[in-house]
Amino acid sequence: MMEKIRQKKGLQLIIGLLVGVCFGFLLQKGGVTRYEIIINQLLLKDFTVVKVMLTAIIVGMIGIYLMQSVNLVKFHAKPGSVGQTVIGGLIFGIGFGILGYCPGTVTGAAAQGSLDALLGGMLGLLLGSGAFIALYDTLQKNILQKGYFGEITLPQVIKINKWLLIAIITLILIAILYFLEKAGL
Amino acid sequence: MIKPKIVCLLSLLLSIPVFGQNESSPKEWFQMVRWSPYIVGVCIGILSWISFLLSDKPIGVSGAFAQSYGMIEKWFKGKKIEETSYFKKYSLAIGWEFMLVVGLFIGAFLSAKLSGDFRLEFVPGLWQAKFGDNAFIRWLIALLGGFIMGMGARWAGGCTSGHGISGTLQLVVSSWVAVICFFIGGIAAAMFIYYGIAK
C-alpha cells in the first residue's frame, strides 16, 4: 500500500509540501528561526536548539528503527569520508556561526519577517551551493574521497544487540537533556 | 530479563503525557509564540516517521537550494548546467525536496502570523547590541555566512536537518560526524565574532 502512495508523483509533491508546512511551523514555534536563539546556542548560553534536536533524534530513532524492523521503511544512510564530512562539516559550521541560521531555519526566519535571512542568508546559500557545483570536479578528485568510510551506521560498527544500543543511546541523550535542565541552560 | 526493545517503546510512551500538560484549546496552542523545545522535538521526530513512511525520504533542506541554483542558472544560460558532473549525479528536477522548502516557508509564516510573532526586521537585536544597526553590514555578513554554509552543506552532503536530524536518528556515522563538526565550526565562528571582534 505504501508503495502505491510513494509512486504517485503529484501526491508526493503534496506530501512534501505538507511535511514542509509542519516542519516550518514547528521550527518557528520552537523559536529556532530566531537569530538570537541560534547564536546563544553557539555561545553555549541557551540550549533550545540542542533540546529540539536531541528530542527529535530520540523519538525519530525509535520509531524509524521499529518501522524498519517490520519492513515498513528503508534507511537512507549518507556515505561519508574525512575529506567530505569533517572538512565540509567544519566549513558548514563556520558559515552557520557567521550567519546565525541554518538552511532550514534561514527559510523559516525569512518567512517570519527577518530580512537579513531572506535577502542575505538565502541568497548566500544559493550562491554557495552554486560555487560548490562549479568546484565539484576538482573537489571530487582531490578531497572528497580522502579517508572514505562509506554508508555505515552505528549498529554496524558497535556490534551489540541493535535494540540494546538504541536503549543506551536513548538513555545517554535523556541524561544530557536532564543535565541541561538541572544546570538551568 | 529486560528486553531493550521494550525499554525503547516505554520511553516513547512516556513522552506522550508531555502533550497533556497544557489544558489550553487547540486555538490557543496555535496562537502561542513559543512551544516547549521538547514538544517541538517530539513532533519533528514523529514528522520524520511520516516522511519516511509516506515518501520514503528523509527530511532535508539544503539540497533544494542547490537544485534551485541549478534551475536559475538553466534559465539564464540554457541547458549547460545539466552537463555538470554534479547534476549528472544529483537530478535537477524540482520535486519533493523543493516542495518541502516551499512548505517550510509557508508553515513558519503561518506560525509567526498566528502568534503575532511576525515582524519585519533587518538587523536582529543581539547583532544590533554589539555591532550597531547598519543594515548593509548585517546583509553583507549574512550573505557571506550563507555562502560559506551553502558550500559546506553540499560539501558535507547535508545540513542540520538532513544530517543533523534525519541522518543522526538513523544512527548514520557520517551524520553524527557531520553534526559534531557543524557545532565545532559554529561555536568557533560565533565565539570569534561575539568575543573576539565585538568590543
# chains A, B, ... in the order shown; residues from 1 in each chain; ligands from 1

$ residues_around --residues "stretch 57-61 of chain B" --least-positions-apart "6" --cutoff "9 Å" --atoms "only C-alpha atoms" --output "list in words"
Val19, Gly20, Phe23, Lys74, Phe75, His76, Pro103 and Gly104 of chain A; Leu47, Ser48, Trp49, Ser51, Trp96, Glu97, Phe98, Leu100, Val101, Gly158, Cys159, Thr160, Ser161, Gly162, His163, Ile165, Ser166 and Gly167 of chain B

$ residues_around --residues "B:Ser115" --least-positions-apart "2" --cutoff "12 Å" --atoms "only C-alpha atoms" --output "PyMOL selection string"
(chain A and resi 25+28-29+31+112) or (chain B and resi 27-35+108-113+117-119)

$ closest_residue --among "B:Ser91, B:Ser85, B:Ser24, B:Ser36" --to "A:Val49" --atoms "only C-alpha atoms"
B:Ser36

$ select_by_dssp --residues "stretch 36-99 of chain A" --states "helix (DSSP H, G or I)" --output "ChimeraX atom specification"
/A:36-42,48-69,82-99

$ select_by_dssp --residues "chain A" --states "strand (DSSP E or B)" --output "list in words"
Gly80, Ser81, Ser114, Tyr148, Phe149, Gly150 and Thr153 of chain A

$ write_last_selection --atoms "C-alpha atoms" --output "PDB file, in the first residue's frame"
ATOM      1  CA  GLY A  80      30.972   9.874   4.385  1.00  0.00           C
ATOM      2  CA  SER A  81      34.702  10.463   4.366  1.00  0.00           C
ATOM      3  CA  SER A 114      13.747  38.505   9.167  1.00  0.00           C
ATOM      4  CA  TYR A 148      36.359   7.248   2.833  1.00  0.00           C
ATOM      5  CA  PHE A 149      34.334   5.271   5.368  1.00  0.00           C
ATOM      6  CA  GLY A 150      31.085   4.772   3.453  1.00  0.00           C
ATOM      7  CA  THR A 153      25.555   3.062  10.756  1.00  0.00           C
TER       8      THR A 153
END

$ residues_around --residues "A:Ala77" --least-positions-apart "3" --cutoff "9 Å" --atoms "only C-alpha atoms" --output "list in words"
Glu151, Ile152 and Thr153 of chain A; Gly167, Gln170, Leu171, Val172, Val173, Ser174 and Ser175 of chain B
